[in-house]
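A.B. asks: This one is upload.pdb, PDB, C-alpha atoms, pLDDT in the B column.
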```pdb
ATOM      1  CA  MET A   1     203.022 -51.160   9.734  1.00 55.00           C
ATOM      2  CA  SER A   2     200.817 -53.073   7.319  1.00 65.00           C
ATOM      3  CA  GLU A   3     202.063 -54.326   3.971  1.00 63.00           C
ATOM      4  CA  VAL A   4     199.809 -51.801   2.263  1.00 56.00           C
ATOM      5  CA  ASP A   5     201.316 -48.935   4.258  1.00 60.00           C
ATOM      6  CA  ASP A   6     204.828 -50.188   3.587  1.00 62.00           C
ATOM      7  CA  LEU A   7     204.134 -50.444  -0.149  1.00 58.00           C
ATOM      8  CA  SER A   8     202.640 -46.952  -0.205  1.00 61.00           C
ATOM      9  CA  ARG A   9     205.712 -45.550   1.588  1.00 62.00           C
ATOM     10  CA  ARG A  10     208.028 -47.300  -0.859  1.00 60.00           C
ATOM     11  CA  ILE A  11     206.125 -45.961  -3.857  1.00 62.00           C
ATOM     12  CA  LYS A  12     206.412 -42.416  -2.493  1.00 64.00           C
ATOM     13  CA  GLU A  13     210.148 -42.882  -1.945  1.00 62.00           C
ATOM     14  CA  LEU A  14     210.602 -44.141  -5.509  1.00 61.00           C
ATOM     15  CA  GLU A  15     208.584 -41.235  -6.882  1.00 63.00           C
ATOM     16  CA  ALA A  16     210.709 -38.763  -4.909  1.00 61.00           C
ATOM     17  CA  GLU A  17     213.912 -40.409  -6.128  1.00 60.00           C
ATOM     18  CA  ASN A  18     212.623 -40.307  -9.700  1.00 58.00           C
ATOM     19  CA  ARG A  19     211.978 -36.565  -9.363  1.00 60.00           C
ATOM     20  CA  ARG A  20     215.520 -36.047  -8.039  1.00 61.00           C
ATOM     21  CA  LEU A  21     216.998 -38.076 -10.901  1.00 55.00           C
ATOM     22  CA  HIS A  22     214.929 -36.123 -13.430  1.00 52.00           C
ATOM     23  CA  ALA A  23     216.119 -32.830 -11.939  1.00 53.00           C
ATOM     24  CA  ARG A  24     219.757 -33.952 -12.073  1.00 52.00           C
ATOM     25  CA  ALA A  25     219.308 -35.089 -15.687  1.00 46.00           C
ATOM     26  CA  SER A  26     217.816 -31.712 -16.588  1.00 54.00           C
ATOM     27  CA  ASP A  27     220.736 -29.922 -14.926  1.00 50.00           C
ATOM     28  CA  LEU A  28     223.189 -32.135 -16.813  1.00 49.00           C
ATOM     29  CA  GLU A  29     221.403 -31.477 -20.104  1.00 56.00           C
ATOM     30  CA  ARG A  30     221.596 -27.722 -19.512  1.00 59.00           C
ATOM     31  CA  SER A  31     225.290 -28.091 -18.739  1.00 52.00           C
ATOM     32  CA  TYR A  32     225.839 -30.008 -21.967  1.00 59.00           C
ATOM     33  CA  ASP A  33     223.966 -27.380 -23.968  1.00 63.00           C
ATOM     34  CA  SER A  34     226.079 -24.613 -22.400  1.00 64.00           C
ATOM     35  CA  THR A  35     229.186 -26.507 -23.463  1.00 64.00           C
ATOM     36  CA  LEU A  36     227.842 -26.847 -27.007  1.00 68.00           C
ATOM     37  CA  GLN A  37     227.130 -23.114 -27.061  1.00 68.00           C
ATOM     38  CA  SER A  38     230.752 -22.405 -26.167  1.00 67.00           C
ATOM     39  CA  LEU A  39     232.010 -24.784 -28.873  1.00 69.00           C
ATOM     40  CA  GLY A  40     229.812 -23.158 -31.514  1.00 66.00           C
ATOM     41  CA  ASP A  41     230.853 -19.660 -30.483  1.00 70.00           C
ATOM     42  CA  ALA A  42     234.528 -20.684 -30.609  1.00 70.00           C
ATOM     43  CA  LEU A  43     234.060 -22.022 -34.147  1.00 71.00           C
ATOM     44  CA  ASP A  44     232.357 -18.841 -35.328  1.00 67.00           C
ATOM     45  CA  LEU A  45     235.292 -16.827 -33.996  1.00 68.00           C
ATOM     46  CA  LYS A  46     237.827 -19.126 -35.677  1.00 69.00           C
ATOM     47  CA  ASP A  47     236.271 -18.967 -39.128  1.00 65.00           C
ATOM     48  CA  GLY A  48     235.448 -15.279 -38.922  1.00 60.00           C
ATOM     49  CA  SER A  49     231.663 -15.776 -38.699  1.00 54.00           C
ATOM     50  CA  SER A  50     231.219 -13.214 -35.954  1.00 46.00           C
ATOM     51  CA  GLY A  51     227.625 -12.801 -37.172  1.00 56.00           C
ATOM     52  CA  GLY A  52     226.795 -16.305 -35.958  1.00 84.00           C
ATOM     53  CA  HIS A  53     226.623 -18.819 -38.819  1.00 88.00           C
ATOM     54  CA  SER A  54     226.187 -21.740 -36.419  1.00 89.00           C
ATOM     55  CA  LYS A  55     223.315 -20.025 -34.603  1.00 88.00           C
ATOM     56  CA  ARG A  56     221.549 -19.040 -37.814  1.00 92.00           C
ATOM     57  CA  VAL A  57     221.771 -22.537 -39.301  1.00 94.00           C
ATOM     58  CA  CYS A  58     220.439 -23.904 -36.018  1.00 92.00           C
ATOM     59  CA  ALA A  59     217.558 -21.405 -35.961  1.00 93.00           C
ATOM     60  CA  TYR A  60     216.641 -21.981 -39.616  1.00 96.00           C
ATOM     61  CA  SER A  61     216.748 -25.746 -39.100  1.00 96.00           C
ATOM     62  CA  MET A  62     214.465 -25.525 -36.070  1.00 94.00           C
ATOM     63  CA  ALA A  63     211.989 -23.370 -38.013  1.00 95.00           C
ATOM     64  CA  LEU A  64     211.964 -25.845 -40.899  1.00 96.00           C
ATOM     65  CA  ALA A  65     211.614 -28.801 -38.533  1.00 96.00           C
ATOM     66  CA  ARG A  66     208.603 -27.228 -36.823  1.00 95.00           C
ATOM     67  CA  ALA A  67     206.972 -26.550 -40.187  1.00 96.00           C
ATOM     68  CA  MET A  68     207.592 -30.194 -41.128  1.00 97.00           C
ATOM     69  CA  GLY A  69     205.770 -31.361 -38.006  1.00 96.00           C
ATOM     70  CA  LEU A  70     208.690 -32.827 -36.065  1.00 96.00           C
ATOM     71  CA  THR A  71     208.155 -33.350 -32.344  1.00 95.00           C
ATOM     72  CA  PRO A  72     209.826 -31.097 -29.736  1.00 91.00           C
ATOM     73  CA  ASP A  73     212.198 -33.919 -28.795  1.00 91.00           C
ATOM     74  CA  GLN A  74     213.155 -34.457 -32.447  1.00 94.00           C
ATOM     75  CA  ILE A  75     213.700 -30.728 -32.894  1.00 93.00           C
ATOM     76  CA  ALA A  76     215.934 -30.561 -29.802  1.00 90.00           C
ATOM     77  CA  VAL A  77     218.127 -33.363 -31.166  1.00 92.00           C
ATOM     78  CA  LEU A  78     218.264 -31.770 -34.613  1.00 95.00           C
ATOM     79  CA  ALA A  79     219.173 -28.391 -33.104  1.00 92.00           C
ATOM     80  CA  ARG A  80     222.284 -29.798 -31.435  1.00 90.00           C
ATOM     81  CA  GLY A  81     223.505 -31.333 -34.664  1.00 94.00           C
ATOM     82  CA  ALA A  82     222.693 -28.168 -36.612  1.00 94.00           C
ATOM     83  CA  PHE A  83     224.534 -25.944 -34.157  1.00 91.00           C
ATOM     84  CA  LEU A  84     227.652 -28.121 -34.332  1.00 91.00           C
ATOM     85  CA  HIS A  85     227.452 -29.040 -38.028  1.00 94.00           C
ATOM     86  CA  ASP A  86     230.745 -27.275 -38.848  1.00 93.00           C
ATOM     87  CA  ILE A  87     232.634 -28.122 -35.648  1.00 91.00           C
ATOM     88  CA  GLY A  88     235.138 -30.127 -37.689  1.00 93.00           C
ATOM     89  CA  LYS A  89     236.418 -26.859 -39.166  1.00 91.00           C
ATOM     90  CA  MET A  90     238.214 -26.349 -35.862  1.00 89.00           C
ATOM     91  CA  ALA A  91     240.700 -28.907 -37.230  1.00 91.00           C
ATOM     92  CA  ILE A  92     241.113 -27.245 -40.645  1.00 93.00           C
ATOM     93  CA  PRO A  93     244.285 -25.118 -41.099  1.00 92.00           C
ATOM     94  CA  ASP A  94     243.589 -21.387 -40.958  1.00 89.00           C
ATOM     95  CA  HIS A  95     245.283 -20.695 -44.319  1.00 90.00           C
ATOM     96  CA  ILE A  96     242.569 -22.833 -45.943  1.00 91.00           C
ATOM     97  CA  LEU A  97     239.623 -22.010 -43.676  1.00 88.00           C
ATOM     98  CA  LEU A  98     240.180 -18.242 -43.895  1.00 85.00           C
ATOM     99  CA  LYS A  99     241.328 -18.039 -47.519  1.00 85.00           C
ATOM    100  CA  PRO A 100     239.555 -15.033 -49.116  1.00 81.00           C
ATOM    101  CA  SER A 101     239.509 -16.557 -52.609  1.00 80.00           C
ATOM    102  CA  GLY A 102     238.468 -19.861 -54.141  1.00 82.00           C
ATOM    103  CA  LEU A 103     240.165 -23.022 -52.923  1.00 89.00           C
ATOM    104  CA  THR A 104     242.426 -25.159 -55.084  1.00 94.00           C
ATOM    105  CA  PRO A 105     241.347 -28.784 -55.618  1.00 95.00           C
ATOM    106  CA  ASP A 106     243.851 -29.947 -52.985  1.00 96.00           C
ATOM    107  CA  GLU A 107     242.663 -27.323 -50.505  1.00 96.00           C
ATOM    108  CA  PHE A 108     239.062 -28.271 -51.142  1.00 95.00           C
ATOM    109  CA  ASP A 109     239.906 -31.900 -50.384  1.00 96.00           C
ATOM    110  CA  VAL A 110     241.265 -30.761 -47.014  1.00 96.00           C
ATOM    111  CA  MET A 111     238.178 -28.636 -46.367  1.00 95.00           C
ATOM    112  CA  ARG A 112     235.915 -31.597 -47.099  1.00 96.00           C
ATOM    113  CA  GLU A 113     237.549 -33.443 -44.225  1.00 97.00           C
ATOM    114  CA  HIS A 114     235.677 -31.257 -41.721  1.00 96.00           C
ATOM    115  CA  CYS A 115     232.654 -33.579 -41.872  1.00 97.00           C
ATOM    116  CA  LEU A 116     234.617 -36.609 -40.693  1.00 97.00           C
ATOM    117  CA  LYS A 117     236.732 -34.585 -38.280  1.00 95.00           C
ATOM    118  CA  GLY A 118     233.588 -33.122 -36.741  1.00 94.00           C
ATOM    119  CA  TYR A 119     232.005 -36.545 -36.445  1.00 96.00           C
ATOM    120  CA  LEU A 120     235.098 -37.888 -34.687  1.00 94.00           C
ATOM    121  CA  ILE A 121     234.878 -35.008 -32.219  1.00 90.00           C
ATOM    122  CA  VAL A 122     231.219 -35.272 -31.303  1.00 89.00           C
ATOM    123  CA  GLN A 123     230.888 -39.061 -31.318  1.00 90.00           C
ATOM    124  CA  LYS A 124     233.002 -39.104 -28.170  1.00 86.00           C
ATOM    125  CA  ILE A 125     230.213 -37.257 -26.346  1.00 84.00           C
ATOM    126  CA  PRO A 126     227.413 -39.724 -25.402  1.00 81.00           C
ATOM    127  CA  PHE A 127     224.914 -36.860 -25.324  1.00 81.00           C
ATOM    128  CA  LEU A 128     225.471 -36.361 -29.083  1.00 86.00           C
ATOM    129  CA  VAL A 129     225.288 -39.984 -30.258  1.00 86.00           C
ATOM    130  CA  PRO A 130     223.877 -41.062 -32.587  1.00 92.00           C
ATOM    131  CA  GLU A 131     221.615 -38.422 -34.177  1.00 94.00           C
ATOM    132  CA  PRO A 132     223.522 -35.126 -33.732  1.00 94.00           C
ATOM    133  CA  ALA A 133     226.799 -36.843 -34.623  1.00 96.00           C
ATOM    134  CA  GLU A 134     225.252 -38.194 -37.827  1.00 97.00           C
ATOM    135  CA  ILE A 135     224.049 -34.709 -38.767  1.00 97.00           C
ATOM    136  CA  VAL A 136     227.595 -33.400 -38.380  1.00 97.00           C
ATOM    137  CA  TYR A 137     228.884 -36.282 -40.513  1.00 98.00           C
ATOM    138  CA  SER A 138     226.259 -36.051 -43.269  1.00 98.00           C
ATOM    139  CA  HIS A 139     225.326 -32.393 -43.794  1.00 98.00           C
ATOM    140  CA  HIS A 140     227.255 -32.214 -47.098  1.00 98.00           C
ATOM    141  CA  GLU A 141     225.709 -35.339 -48.568  1.00 98.00           C
ATOM    142  CA  ARG A 142     223.520 -34.695 -51.603  1.00 98.00           C
ATOM    143  CA  TYR A 143     220.092 -36.180 -52.197  1.00 98.00           C
ATOM    144  CA  ASP A 144     221.219 -37.552 -55.587  1.00 98.00           C
ATOM    145  CA  GLY A 145     224.150 -39.407 -54.010  1.00 98.00           C
ATOM    146  CA  THR A 146     226.976 -37.230 -55.322  1.00 98.00           C
ATOM    147  CA  GLY A 147     227.849 -35.544 -52.028  1.00 98.00           C
ATOM    148  CA  TYR A 148     230.498 -36.285 -49.436  1.00 97.00           C
ATOM    149  CA  PRO A 149     231.984 -37.926 -47.437  1.00 97.00           C
ATOM    150  CA  ARG A 150     230.012 -41.192 -47.921  1.00 97.00           C
ATOM    151  CA  ARG A 151     227.971 -40.517 -51.068  1.00 98.00           C
ATOM    152  CA  LEU A 152     224.734 -41.329 -49.257  1.00 98.00           C
ATOM    153  CA  GLN A 153     221.563 -41.006 -51.327  1.00 97.00           C
ATOM    154  CA  GLY A 154     217.963 -40.011 -50.619  1.00 98.00           C
ATOM    155  CA  LYS A 155     216.575 -41.299 -47.364  1.00 96.00           C
ATOM    156  CA  GLN A 156     219.936 -42.887 -46.514  1.00 98.00           C
ATOM    157  CA  ILE A 157     220.870 -39.381 -45.416  1.00 98.00           C
ATOM    158  CA  PRO A 158     219.546 -38.674 -41.888  1.00 97.00           C
ATOM    159  CA  LEU A 159     216.560 -36.327 -41.941  1.00 98.00           C
ATOM    160  CA  GLY A 160     218.342 -33.838 -39.703  1.00 98.00           C
ATOM    161  CA  ALA A 161     221.236 -33.645 -42.149  1.00 98.00           C
ATOM    162  CA  ARG A 162     218.826 -33.085 -45.041  1.00 98.00           C
ATOM    163  CA  VAL A 163     217.272 -30.177 -43.139  1.00 98.00           C
ATOM    164  CA  VAL A 164     220.655 -28.714 -42.196  1.00 98.00           C
ATOM    165  CA  ALA A 165     221.838 -28.935 -45.815  1.00 98.00           C
ATOM    166  CA  VAL A 166     219.048 -26.558 -46.832  1.00 98.00           C
ATOM    167  CA  SER A 167     219.567 -24.245 -43.841  1.00 97.00           C
ATOM    168  CA  ASN A 168     223.322 -24.136 -44.411  1.00 96.00           C
ATOM    169  CA  THR A 169     222.885 -23.118 -48.040  1.00 97.00           C
ATOM    170  CA  LEU A 170     220.218 -20.565 -47.134  1.00 97.00           C
ATOM    171  CA  ASP A 171     222.605 -18.884 -44.716  1.00 95.00           C
ATOM    172  CA  SER A 172     225.624 -19.106 -47.007  1.00 93.00           C
ATOM    173  CA  ILE A 173     223.785 -17.344 -49.825  1.00 95.00           C
ATOM    174  CA  THR A 174     222.314 -14.583 -47.633  1.00 95.00           C
ATOM    175  CA  THR A 175     225.478 -13.768 -45.647  1.00 91.00           C
ATOM    176  CA  ASN A 176     228.536 -11.753 -46.659  1.00 85.00           C
ATOM    177  CA  LEU A 177     231.487 -14.061 -47.324  1.00 78.00           C
ATOM    178  CA  PRO A 178     235.149 -13.188 -47.954  1.00 72.00           C
ATOM    179  CA  TYR A 179     234.774 -13.927 -51.666  1.00 73.00           C
ATOM    180  CA  ARG A 180     231.288 -12.516 -52.368  1.00 80.00           C
ATOM    181  CA  ALA A 181     228.542 -10.272 -51.011  1.00 87.00           C
ATOM    182  CA  ALA A 182     225.289 -11.523 -49.504  1.00 92.00           C
ATOM    183  CA  ARG A 183     222.342 -12.065 -51.806  1.00 95.00           C
ATOM    184  CA  SER A 184     218.636 -11.865 -51.094  1.00 95.00           C
ATOM    185  CA  PHE A 185     216.503 -14.515 -49.441  1.00 95.00           C
ATOM    186  CA  GLN A 186     214.432 -14.690 -52.601  1.00 94.00           C
ATOM    187  CA  THR A 187     217.572 -15.487 -54.602  1.00 96.00           C
ATOM    188  CA  ALA A 188     218.478 -18.144 -52.049  1.00 97.00           C
ATOM    189  CA  ARG A 189     215.002 -19.636 -52.278  1.00 96.00           C
ATOM    190  CA  GLU A 190     215.264 -19.839 -56.087  1.00 97.00           C
ATOM    191  CA  GLU A 191     218.716 -21.458 -55.985  1.00 97.00           C
ATOM    192  CA  ILE A 192     217.595 -24.020 -53.419  1.00 98.00           C
ATOM    193  CA  GLN A 193     214.504 -24.799 -55.503  1.00 98.00           C
ATOM    194  CA  ALA A 194     216.771 -25.413 -58.487  1.00 98.00           C
ATOM    195  CA  GLY A 195     218.648 -27.976 -56.402  1.00 98.00           C
ATOM    196  CA  SER A 196     215.539 -29.883 -55.319  1.00 98.00           C
ATOM    197  CA  GLY A 197     216.003 -33.584 -55.959  1.00 97.00           C
ATOM    198  CA  GLY A 198     219.673 -33.055 -56.764  1.00 98.00           C
ATOM    199  CA  GLN A 199     221.444 -31.432 -53.866  1.00 98.00           C
ATOM    200  CA  PHE A 200     218.421 -31.225 -51.587  1.00 98.00           C
ATOM    201  CA  ASP A 201     215.549 -33.351 -50.300  1.00 98.00           C
ATOM    202  CA  PRO A 202     212.441 -32.259 -52.258  1.00 98.00           C
ATOM    203  CA  ASP A 203     210.261 -32.492 -49.136  1.00 98.00           C
ATOM    204  CA  VAL A 204     212.489 -30.122 -47.188  1.00 98.00           C
ATOM    205  CA  VAL A 205     212.641 -27.739 -50.155  1.00 98.00           C
ATOM    206  CA  ALA A 206     208.843 -27.826 -50.473  1.00 98.00           C
ATOM    207  CA  THR A 207     208.527 -26.888 -46.802  1.00 97.00           C
ATOM    208  CA  LEU A 208     210.939 -23.987 -47.264  1.00 97.00           C
ATOM    209  CA  GLN A 209     208.957 -22.703 -50.237  1.00 96.00           C
ATOM    210  CA  GLN A 210     205.769 -22.670 -48.159  1.00 96.00           C
ATOM    211  CA  MET A 211     207.356 -20.489 -45.466  1.00 95.00           C
ATOM    212  CA  PRO A 212     207.497 -16.696 -45.835  1.00 93.00           C
ATOM    213  CA  ASN A 213     210.871 -15.016 -46.191  1.00 91.00           C
ATOM    214  CA  ASP A 214     210.029 -12.856 -43.170  1.00 91.00           C
ATOM    215  CA  ILE A 215     210.601 -15.790 -40.807  1.00 93.00           C
ATOM    216  CA  PHE A 216     214.183 -16.251 -41.919  1.00 92.00           C
ATOM    217  CA  GLN A 217     214.909 -12.544 -42.343  1.00 92.00           C
ATOM    218  CA  GLU A 218     213.809 -11.861 -38.772  1.00 92.00           C
ATOM    219  CA  LEU A 219     215.912 -14.735 -37.446  1.00 92.00           C
ATOM    220  CA  HIS A 220     218.895 -13.444 -39.420  1.00 91.00           C
ATOM    221  CA  ARG A 221     218.515  -9.923 -38.020  1.00 89.00           C
ATOM    222  CA  ALA A 222     217.987 -11.127 -34.465  1.00 88.00           C
ATOM    223  CA  ILE A 223     221.101 -13.313 -34.497  1.00 85.00           C
ATOM    224  CA  SER A 224     223.400 -11.126 -36.587  1.00 80.00           C
ATOM    225  CA  SER A 225     222.645  -7.701 -35.122  1.00 71.00           C
ATOM    226  CA  PRO A 226     225.175  -6.415 -32.570  1.00 58.00           C
ATOM    227  CA  LYS A 227     223.902  -6.837 -29.011  1.00 54.00           C
TER
END
```
How does the structure come out when it is put into structure tokens?

C.D. replies:
Amino acid sequence: MSEVDDLSRRIKELEAENRRLHARASDLERSYDSTLQSLGDALDLKDGSSGGHSKRVCAYSMALARAMGLTPDQIAVLARGAFLHDIGKMAIPDHILLKPSGLTPDEFDVMREHCLKGYLIVQKIPFLVPEPAEIVYSHHERYDGTGYPRRLQGKQIPLGARVVAVSNTLDSITTNLPYRAARSFQTAREEIQAGSGGQFDPDVVATLQQMPNDIFQELHRAISSPK
């Protein structure tokens, strides 16, 4: 066999092995995503969000990210962080997590720990480091630097966390909670606009304002309606 033939055979073998490795990686990624789905569903059951808070925040975040022009790979990474943003609440005592009235200052301090607790959970999973883990850690930071747990400011806050902060508030306002009834998407839009530059990234808020309410209302119905 000539050197050219031998080289050609070797190239074909490497290409075949690359395809096998790619297929195994895709299978592993699907397995990871199935595991994340189970974790998110377990959290929704624990905190009483049977309507799917984690799924709605993930869906809203993906819609915002697309409108902002993020790439499919960036959106996939953001989606994992968005879906698991509240995973740290698994470590919050039920008497605080499920309390039907306002929290005391001490209870609120405990609740705030879910960002760090969630980060400590997901950072142990290589598939979720660094970007999704940072979203979990930073989704309660405020654009003006007065948030928690690290008081990050502006662009110090990962973009994914800035997107999730808006999506999380959008869902919280438009969903029935133990201590208040759901309000309209228009009300949510107005409240988020009022927080632009303070609680929220102005660029993310501007993108939200350019999107019709129908997009989010349809996502809410699709996720929250009984199957």

A.B. asks: Find the residues with any atom within 12 Å of (214.3, -23.9, -40.0); use all atoms listed in the file and the coordinates as given in the file, and write the answer as number ranges by chain.

C.D. replies: A: 55-70, 75, 78-79, 82-83, 160, 162-171, 204-205, 207-213, 215-217, 219-220

A.B. asks: Have a look at CA of Asp203 (chain A) and CA of Phe127 (chain A) and let me know their distance in Å, one decimal.

C.D. replies: 28.3 Å

A.B. asks: Find the residues near Ile92 (chain A): any atom within 7 Å, counting only C-alpha atoms, skip ones fewer than 4 places away on the same chain, and give them as a list in words.

C.D. replies: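 That gives Leu97, Met111 and His114 of chain A.
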
A.B. asks: Going by the chain IDs and residue numbers used in this file, which residues fall under the PyMOL selection byres ((chain A and resi 112) around 12)? Write them as a VMD selection string.

C.D. replies: chain A and resid 86 88 to 89 91 to 92 96 to 97 103 105 to 111 113 to 118 137 to 141 147 to 150

A.B. asks: Suppose you want the space between CA of His85 (chain A) and CA of Ile135 (chain A); what is it in Å?

C.D. replies: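 Separating CA of His85 (chain A) from CA of Ile135 (chain A) is a distance of 6.7 Å.
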
A.B. asks: Go through A:Pro130, A:Gln123, A:Arg221, A:Arg189 and flag the residue nearest Ile173 (chain A), using all atoms listed in the file for the distances.

C.D. replies: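 Using all atoms listed in the file, Ile173 (chain A) sits closest to A:Arg189.
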
A.B. asks: Hey, can you pull every residue with an atom no more than 10 Å from (223.4, -39.0, -32.7), using only C-alpha atoms, and send it as a VMD selection string?

C.D. replies: chain A and resid 77 to 78 80 to 81 119 122 to 123 125 to 137 158

A.B. asks: Using only C-alpha atoms, please write the residues we just selected to a file, as a compact mmCIF listing (two decimals), in the frame of the given file.

C.D. replies:
```
# COMPACT_ATOMS: atom_id res chain seq x y z
CA VAL A 77 218.13 -33.36 -31.17
CA LEU A 78 218.26 -31.77 -34.61
CA ARG A 80 222.28 -29.80 -31.44
CA GLY A 81 223.50 -31.33 -34.66
CA TYR A 119 232.00 -36.54 -36.44
CA VAL A 122 231.22 -35.27 -31.30
CA GLN A 123 230.89 -39.06 -31.32
CA ILE A 125 230.21 -37.26 -26.35
CA PRO A 126 227.41 -39.72 -25.40
CA PHE A 127 224.91 -36.86 -25.32
CA LEU A 128 225.47 -36.36 -29.08
CA VAL A 129 225.29 -39.98 -30.26
CA PRO A 130 223.88 -41.06 -32.59
CA GLU A 131 221.62 -38.42 -34.18
CA PRO A 132 223.52 -35.13 -33.73
CA ALA A 133 226.80 -36.84 -34.62
CA GLU A 134 225.25 -38.19 -37.83
CA ILE A 135 224.05 -34.71 -38.77
CA VAL A 136 227.60 -33.40 -38.38
CA TYR A 137 228.88 -36.28 -40.51
CA PRO A 158 219.55 -38.67 -41.89
```

A.B. asks: CA of Arg180 (chain A) to CA of Ile192 (chain A): how many Å, to one decimal?

C.D. replies: 17.9 Å

A.B. asks: I'd like to know which of A:Tyr143, A:Gln153, A:Ser224, A:Gln186 is closest to Gln199 (chain A), using all atoms listed in the file.

C.D. replies: A:Tyr143

A.B. asks: As AutoDock Vina command-line options, please: the centre and edge lengths in Å, to one decimal, of an axis-aligned box enclosing every listed atom of region 84-95 of chain A with 4 Å added on each side.

C.D. replies:
```
--center_x 236.4 --center_y -25.4 --center_z -39.3 --size_x 25.8 --size_y 17.4 --size_z 18.0
```
